[in-house]
>>> print(open('upload-v6.txt').read())   # compact mmCIF, C-alpha atoms and all ligand atoms
# COMPACT_ATOMS: atom_id res chain seq x y z
CA MET X 206 -88.04 19.65 55.27
CA SER X 207 -87.06 22.73 57.21
CA GLU X 208 -89.55 25.54 57.61
CA THR X 209 -88.50 29.11 58.19
CA VAL X 210 -90.07 30.80 61.21
CA LEU X 211 -88.29 34.15 61.13
CA ARG X 212 -86.45 35.75 58.27
CA VAL X 213 -85.17 39.28 58.70
CA ALA X 214 -82.80 41.09 56.41
CA GLY X 215 -81.05 44.41 56.11
CA ILE X 216 -81.92 45.75 59.57
CA SER X 217 -80.24 49.02 60.39
CA LYS X 218 -80.89 51.27 63.35
CA ARG X 219 -79.18 54.51 64.26
CA PHE X 220 -79.45 56.44 67.55
CA GLY X 221 -78.20 59.96 66.80
CA GLY X 222 -74.56 59.53 65.85
CA LEU X 223 -74.43 55.86 66.85
CA GLN X 224 -75.02 53.13 64.29
CA ALA X 225 -76.44 50.48 66.65
CA LEU X 226 -77.28 47.97 63.87
CA SER X 227 -75.87 47.83 60.33
CA ASP X 228 -77.47 45.55 57.77
CA VAL X 229 -78.21 42.70 60.19
CA GLY X 230 -80.14 39.68 58.97
CA LEU X 231 -80.85 36.14 60.08
CA THR X 232 -83.02 33.19 59.28
CA ILE X 233 -84.39 30.89 61.97
CA GLU X 234 -85.85 27.50 61.12
CA ARG X 235 -88.68 25.90 63.07
CA GLY X 236 -87.46 23.96 66.10
CA GLN X 237 -84.10 25.70 66.29
CA VAL X 238 -82.50 27.37 69.25
CA TYR X 239 -80.77 30.34 67.67
CA GLY X 240 -78.17 32.29 69.63
CA LEU X 241 -77.35 35.96 69.32
CA ILE X 242 -74.13 36.86 71.08
CA GLY X 243 -71.56 39.63 71.21
CA PRO X 244 -69.84 42.04 73.57
CA ASN X 245 -71.72 44.61 75.65
CA GLY X 246 -73.21 47.29 73.43
CA ALA X 247 -72.96 45.12 70.29
CA GLY X 248 -76.63 45.71 69.45
CA LYS X 249 -78.27 42.48 70.60
CA THR X 250 -81.04 44.07 72.65
CA THR X 251 -81.58 46.71 69.97
CA PHE X 252 -82.12 43.84 67.52
CA PHE X 253 -84.68 42.26 69.88
CA ASN X 254 -86.37 45.61 70.33
CA VAL X 255 -86.60 46.08 66.57
CA ILE X 256 -88.08 42.66 65.80
CA THR X 257 -90.58 42.97 68.66
CA GLY X 258 -91.79 46.44 67.73
CA LEU X 259 -90.23 48.47 70.55
CA TYR X 260 -87.92 50.33 68.17
CA THR X 261 -88.65 51.35 64.60
CA PRO X 262 -85.77 50.35 62.34
CA ASP X 263 -84.34 52.67 59.70
CA SER X 264 -84.45 49.80 57.22
CA GLY X 265 -85.14 46.10 57.11
CA THR X 266 -87.59 43.45 55.95
CA PHE X 267 -89.40 40.98 58.21
CA GLU X 268 -91.12 37.69 57.60
CA LEU X 269 -92.74 35.48 60.21
CA ALA X 270 -93.81 31.96 59.23
CA GLY X 271 -93.71 32.92 55.57
CA LYS X 272 -95.74 36.12 55.94
CA PRO X 273 -94.32 39.64 55.84
CA TYR X 274 -94.90 41.49 59.09
CA THR X 275 -94.26 45.02 60.22
CA PRO X 276 -93.04 45.16 63.80
CA SER X 277 -94.86 48.43 64.46
CA ALA X 278 -96.46 47.75 67.84
CA VAL X 279 -95.52 45.34 70.63
CA HIS X 280 -99.08 44.01 70.97
CA GLU X 281 -99.34 43.35 67.23
CA VAL X 282 -96.01 41.52 67.22
CA ALA X 283 -97.18 39.31 70.09
CA LYS X 284 -100.37 38.57 68.17
CA ALA X 285 -98.38 37.80 65.03
CA GLY X 286 -96.48 35.21 67.07
CA ILE X 287 -93.31 36.56 68.67
CA ALA X 288 -93.14 36.55 72.47
CA ARG X 289 -90.18 37.76 74.48
CA THR X 290 -88.66 38.10 77.88
CA PHE X 291 -86.60 41.06 79.03
CA GLN X 292 -83.05 41.48 80.29
CA ASN X 293 -84.46 43.52 83.16
CA ILE X 294 -87.38 41.37 84.23
CA ARG X 295 -90.70 43.04 83.49
CA LEU X 296 -93.41 41.33 85.49
CA PHE X 297 -96.47 42.81 87.15
CA ALA X 298 -94.83 42.79 90.56
CA ASP X 299 -98.01 42.99 92.65
CA MET X 300 -99.95 40.43 90.67
CA THR X 301 -99.65 36.73 91.45
CA ALA X 302 -97.57 34.41 89.31
CA LEU X 303 -100.79 32.90 87.92
CA GLU X 304 -102.22 36.32 87.04
CA ASN X 305 -99.00 37.28 85.27
CA VAL X 306 -99.30 34.25 83.00
CA MET X 307 -103.03 34.88 82.46
CA VAL X 308 -102.17 38.35 81.14
CA GLY X 309 -99.97 36.72 78.49
CA ARG X 310 -102.81 34.40 77.50
CA HIS X 311 -105.34 37.20 77.06
CA ILE X 312 -104.03 38.16 73.63
CA ARG X 313 -105.47 34.86 72.37
CA THR X 314 -108.94 35.31 73.86
CA SER X 315 -112.13 36.43 72.21
CA SER X 316 -114.67 37.65 74.81
CA GLY X 317 -113.28 41.17 74.69
CA LEU X 318 -113.93 44.21 76.83
CA MET X 319 -117.73 43.97 76.83
CA GLY X 320 -117.55 40.37 78.03
CA ALA X 321 -115.23 41.46 80.82
CA ILE X 322 -117.43 44.37 81.91
CA PHE X 323 -120.68 42.40 81.93
CA ARG X 324 -119.01 39.17 83.06
CA THR X 325 -120.90 37.13 80.51
CA ARG X 326 -121.01 33.35 80.74
CA GLY X 327 -118.67 33.12 77.77
CA PHE X 328 -116.24 35.42 79.54
CA LYS X 329 -116.32 33.39 82.78
CA GLU X 330 -115.77 30.13 80.92
CA GLU X 331 -112.91 31.65 79.00
CA GLU X 332 -111.34 33.00 82.22
CA ALA X 333 -111.51 29.53 83.80
CA ALA X 334 -109.84 28.00 80.75
CA ILE X 335 -107.15 30.69 80.83
CA ALA X 336 -106.47 30.08 84.54
CA LYS X 337 -106.19 26.34 83.89
CA ARG X 338 -103.76 26.86 81.02
CA ALA X 339 -101.75 29.36 83.09
CA GLN X 340 -101.41 26.83 85.91
CA GLU X 341 -100.25 24.19 83.40
CA LEU X 342 -97.59 26.57 82.14
CA LEU X 343 -96.40 27.36 85.66
CA ASP X 344 -96.11 23.62 86.27
CA TYR X 345 -94.27 23.26 82.95
CA VAL X 346 -91.59 25.79 83.90
CA GLY X 347 -91.33 24.26 87.36
CA ILE X 348 -92.98 26.90 89.58
CA GLY X 349 -96.52 25.60 89.78
CA ARG X 350 -96.44 25.65 93.58
CA LEU X 351 -95.87 29.43 93.48
CA ALA X 352 -99.03 30.24 91.50
CA ASP X 353 -100.60 32.33 94.26
CA TYR X 354 -97.47 34.20 95.29
CA LYS X 355 -96.99 37.79 94.19
CA ALA X 356 -94.37 38.01 91.44
CA ARG X 357 -92.17 40.31 93.49
CA THR X 358 -91.78 37.71 96.25
CA LEU X 359 -90.31 35.10 93.87
CA SER X 360 -86.57 34.49 93.69
CA TYR X 361 -84.70 35.91 90.74
CA GLY X 362 -84.46 32.57 88.97
CA ASP X 363 -88.16 31.88 89.51
CA GLN X 364 -89.09 35.33 88.16
CA ARG X 365 -87.15 34.53 85.00
CA ARG X 366 -89.03 31.25 84.67
CA LEU X 367 -92.30 33.09 85.24
CA GLU X 368 -91.43 35.43 82.37
CA ILE X 369 -90.89 32.40 80.16
CA ALA X 370 -94.25 30.95 81.20
CA ARG X 371 -95.93 34.26 80.39
CA ALA X 372 -94.26 34.34 76.97
CA LEU X 373 -95.31 30.73 76.28
CA ALA X 374 -98.89 31.65 77.18
CA THR X 375 -99.20 33.60 73.93
CA ASP X 376 -98.60 30.38 71.93
CA PRO X 377 -95.73 32.00 70.06
CA GLN X 378 -94.19 30.95 66.76
CA LEU X 379 -90.95 32.26 68.19
CA ILE X 380 -89.94 32.89 71.78
CA ALA X 381 -87.15 35.43 72.22
CA LEU X 382 -85.23 35.21 75.50
CA ASP X 383 -83.07 38.20 76.46
CA GLU X 384 -80.30 36.97 78.76
CA PRO X 385 -82.38 34.40 80.62
CA ALA X 386 -79.40 33.19 82.67
CA ALA X 387 -78.31 36.65 83.86
CA GLY X 388 -77.87 36.67 87.63
CA MET X 389 -78.52 32.94 87.97
CA ASN X 390 -76.27 30.65 89.98
CA SER X 391 -74.88 27.48 88.41
CA THR X 392 -77.68 25.25 89.74
CA GLU X 393 -80.34 27.60 88.37
CA LYS X 394 -78.51 27.64 85.03
CA VAL X 395 -78.67 23.85 84.78
CA VAL X 396 -82.42 23.97 85.40
CA LEU X 397 -82.80 26.77 82.84
CA ARG X 398 -80.85 24.81 80.27
CA GLU X 399 -83.12 21.80 80.78
CA LEU X 400 -86.17 24.03 80.45
CA ILE X 401 -84.99 25.62 77.17
CA ASP X 402 -84.15 22.18 75.84
CA ARG X 403 -87.62 20.95 76.75
CA ILE X 404 -89.30 23.95 75.13
CA ARG X 405 -87.40 23.17 71.95
CA LYS X 406 -88.23 19.46 72.10
CA ASP X 407 -91.89 20.39 72.49
CA GLY X 408 -91.70 22.02 69.06
CA ARG X 409 -91.02 25.68 69.84
CA THR X 410 -88.47 27.89 68.17
CA ILE X 411 -86.21 30.01 70.34
CA LEU X 412 -84.04 33.06 69.82
CA LEU X 413 -81.60 33.52 72.66
CA ILE X 414 -79.39 36.42 73.70
CA GLU X 415 -76.99 35.18 76.31
CA HIS X 416 -73.56 36.05 77.66
CA ASP X 417 -72.96 32.60 79.14
CA VAL X 418 -70.95 31.16 76.27
CA LYS X 419 -71.10 27.61 77.62
CA LEU X 420 -74.89 27.76 77.72
CA VAL X 421 -75.12 29.22 74.21
CA MET X 422 -72.69 26.78 72.66
CA GLY X 423 -74.31 23.82 74.41
CA LEU X 424 -77.87 24.73 73.45
CA CYS X 425 -77.87 26.52 70.11
CA ASP X 426 -78.15 25.08 66.63
CA ARG X 427 -76.96 28.30 64.99
CA VAL X 428 -75.31 31.41 66.33
CA THR X 429 -74.92 34.95 65.03
CA VAL X 430 -72.24 37.17 66.53
CA LEU X 431 -72.63 40.94 66.55
CA ASP X 432 -69.92 43.48 67.22
CA TYR X 433 -70.53 47.24 67.02
CA GLY X 434 -73.85 46.54 65.33
CA LYS X 435 -72.36 44.43 62.56
CA MET X 436 -72.53 40.68 61.99
CA ILE X 437 -69.04 39.27 62.33
CA ALA X 438 -69.94 35.58 62.20
CA GLU X 439 -72.86 33.23 61.61
CA GLY X 440 -72.82 29.47 61.79
CA SER X 441 -72.79 26.42 64.01
CA PRO X 442 -71.47 26.87 67.58
CA TYR X 443 -68.46 24.78 66.57
CA ASP X 444 -67.52 27.09 63.70
CA VAL X 445 -68.34 30.34 65.47
CA GLN X 446 -66.12 29.48 68.43
CA ARG X 447 -63.20 29.03 66.07
CA SER X 448 -63.69 32.26 64.12
CA GLU X 449 -60.67 34.53 64.57
CA LYS X 450 -62.91 37.61 64.45
CA VAL X 451 -65.15 36.23 67.22
CA ILE X 452 -62.21 35.24 69.41
CA GLU X 453 -60.70 38.69 68.98
CA ALA X 454 -63.91 40.67 69.56
CA TYR X 455 -65.69 38.57 72.14
CA LEU X 456 -64.38 35.25 73.38
CA GLY X 457 -60.77 36.23 74.06
CA PRO X 458 -57.49 34.33 73.56
CA SER X 459 -58.08 31.90 76.45
CA HIS X 460 -61.10 30.57 74.52
CA LYS X 461 -58.83 29.96 71.52
CA ALA X 462 -56.76 27.61 73.64
CA VAL X 463 -59.91 25.81 74.86
CA ALA X 464 -61.26 25.44 71.31
CA ALA X 465 -57.87 24.17 70.10
CA GLY X 466 -57.75 21.71 72.98
CA GLU X 467 -61.19 20.35 72.07
CA LYS X 468 -60.00 19.53 68.56
CA GLN X 469 -57.35 17.12 69.74
N1 LIG G 501 -82.69 53.96 73.16
C1 LIG G 501 -81.39 54.18 72.89
N2 LIG G 501 -80.92 55.42 72.68
C2 LIG G 501 -79.63 55.64 72.40
N3 LIG G 501 -78.70 54.67 72.30
C3 LIG G 501 -79.10 53.41 72.53
C4 LIG G 501 -80.46 53.08 72.83
N4 LIG G 501 -80.56 51.75 73.00
C5 LIG G 501 -79.32 51.24 72.81
N5 LIG G 501 -78.45 52.25 72.52
C6 LIG G 501 -77.04 52.09 72.21
O1 LIG G 501 -76.93 51.17 71.14
C7 LIG G 501 -75.79 50.33 71.33
C8 LIG G 501 -76.24 48.89 71.35
O2 LIG G 501 -76.90 48.64 72.61
P1 LIG G 501 -77.62 47.28 72.95
O3 LIG G 501 -78.28 47.46 74.29
O4 LIG G 501 -78.46 46.85 71.82
O5 LIG G 501 -76.37 46.30 73.09
P2 LIG G 501 -76.33 44.83 73.68
O6 LIG G 501 -75.51 44.05 72.70
O7 LIG G 501 -77.68 44.35 73.98
O8 LIG G 501 -75.49 45.04 75.01
P3 LIG G 501 -75.56 44.27 76.43
O9 LIG G 501 -74.92 42.95 76.20
O10 LIG G 501 -74.76 45.16 77.32
O11 LIG G 501 -77.01 44.19 76.80
C9 LIG G 501 -75.12 50.76 72.64
O12 LIG G 501 -74.05 51.64 72.31
C10 LIG G 501 -76.24 51.49 73.36
O13 LIG G 501 -75.71 52.49 74.20
>>> encode(input="upload-v6.txt", output="structure tokens")
Amino acid sequence: MSETVLRVAGISKRFGGLQALSDVGLTIERGQVYGLIGPNGAGKTTFFNVITGLYTPDSGTFELAGKPYTPSAVHEVAKAGIARTFQNIRLFADMTALENVMVGRHIRTSSGLMGAIFRTRGFKEEEAAIAKRAQELLDYVGIGRLADYKARTLSYGDQRRLEIARALATDPQLIALDEPAAGMNSTEKVVLRELIDRIRKDGRTILLIEHDVKLVMGLCDRVTVLDYGKMIAEGSPYDVQRSEKVIEAYLGPSHKAVAAGEKQ
């Protein structure tokens, strides 16, 4: 039986005179890769920012794993179980790859500030466990050998993978990836696709904003398409690619020919 991880409804967000989101809602089931696509400025990142507590919506209801949640603060949202990456990579540039992942893990630790100040035995044991888990996650995303390198020295593709490792470190119910393939070459995209597939197979649930239509259509179970802040389609990749509204607003007429060709 399917189990809902995220259910949001009626999200609206206005910036001055601009209605960035109008009555947007979606439901993501456990184990799905869910795609959010649309033209530039459609409201995808605003949606991410709302569900992760960076922006306060004007309206909307939120439920994570069956419990209502209020995305009021980023830290609280991470604790509740949503982790994310950013379109413009946000790593601690002068910390090592390992340390960056350890930071993600710290929201699940218990020793607290006093333990850190007095370096209690409990704190040291916890730190060792966190470092071990962080190394495992670096290995998992394929950059284990770079653990001791400063984040800023990593290639673009490796920095994106490091962001994913850091997000996974919080043991999220839902991992939200904001354009993970941006700036990647085709080889890096293949590796990324395999990684996202593996994360899903290992039981995680993923929300993906991505402009690479091939990647989205190949990976996602469901897709929502936004245009000017409104939902213009929701469904399987197969159906969404054939929606007239989506072709007109986003995919373009050449895609229509491709989709028609596939049917034959
Ligand atoms: N903090 C803000 N203040 C004012 N306007 C904003 C703010 N954030 C986003 N917007 C506007 O809201 C609209 C939606 O932007 P958003 O970044 O969510 O789109 P997007 O679909 O993520 O686009 P892209 O694919 O280019 O990243 C745009 O017109 C943008 O200029």
>>> closest_residue(input="upload-v6.txt", among="X:Glu415, X:Asp228, X:Glu399, X:Glu439", to="ligand LIG 501 (chain G)", atoms="only C-alpha atoms and all ligand atoms")
X:Glu415
>>> closest_atom_pairs(input="upload-v6.txt", of="chain X", to="ligand LIG 501 (chain G)", cutoff="6 Å", atoms="only C-alpha atoms and all ligand atoms", output="tab-separated table")
residue	atom	partner	partner_atom	distance
X:Phe220	CA	G:LIG501	C2	4.9
X:Ala225	CA	G:LIG501	O1	4.6
X:Pro244	CA	G:LIG501	O9	5.8
X:Asn245	CA	G:LIG501	O10	3.5
X:Gly246	CA	G:LIG501	O5	3.3
X:Ala247	CA	G:LIG501	O6	3.7
X:Gly248	CA	G:LIG501	O4	3.2
X:Lys249	CA	G:LIG501	O6	3.8
X:Thr250	CA	G:LIG501	O7	3.6
X:Thr251	CA	G:LIG501	O4	3.6
>>> atom_distance(input="upload-v6.txt", atom1="atom CA of X:Phe267", atom2="atom CA of X:Lys284")
15.0 Å
>>> residues_near_point(input="upload-v6.txt", point="(-90.5, 47.5, 71.2)", cutoff="12 Å", atoms="all atoms listed in the file", output="number ranges by chain")
X: 250-262, 275-283, 287-291
>>> atom_distance(input="upload-v6.txt", atom1="atom CA of X:Lys329", atom2="atom CA of X:Met300")
19.5 Å
>>> closest_residue(input="upload-v6.txt", among="X:Val395, X:Leu226, X:Ile411, X:Ile294", to="X:Gln378", atoms="all atoms listed in the file")
X:Ile411
>>> closest_residue(input="upload-v6.txt", among="X:Gln292, X:Gln446, X:Gln364, X:Gln224", to="X:Ala352", atoms="all atoms listed in the file")
X:Gln364
>>> atom_distance(input="upload-v6.txt", atom1="atom CA of X:Glu449", atom2="atom CA of X:Ile242")
15.1 Å
>>> closest_residue(input="upload-v6.txt", among="X:Ser441, X:Ser360, X:Asn293, X:Thr375", to="X:Leu342", atoms="only C-alpha atoms")
X:Thr375
>>> residues_near_point(input="upload-v6.txt", point="(-104.7, 27.7, 81.1)", cutoff="12 Å", atoms="all atoms listed in the file", output="VMD selection string")
chain X and resid 303 to 311 313 to 314 330 to 345 370 to 371 373 to 376
>>> axis_aligned_box(input="upload-v6.txt", around="stretch 357-367 of chain X", padding_each_side="5 Å", output="JSON")
{"center_x": -88.4, "center_y": 35.8, "center_z": 90.5, "size_x": 17.8, "size_y": 19.1, "size_z": 21.6}
>>> closest_residue(input="upload-v6.txt", among="X:Lys435, X:Arg403, X:Arg350, X:Lys218", to="X:Ala302", atoms="all atoms listed in the file")
X:Arg350
>>> closest_residue(input="upload-v6.txt", among="X:Lys394, X:Arg326, X:Arg212, X:Arg235", to="X:Tyr274", atoms="all atoms listed in the file")
X:Arg212
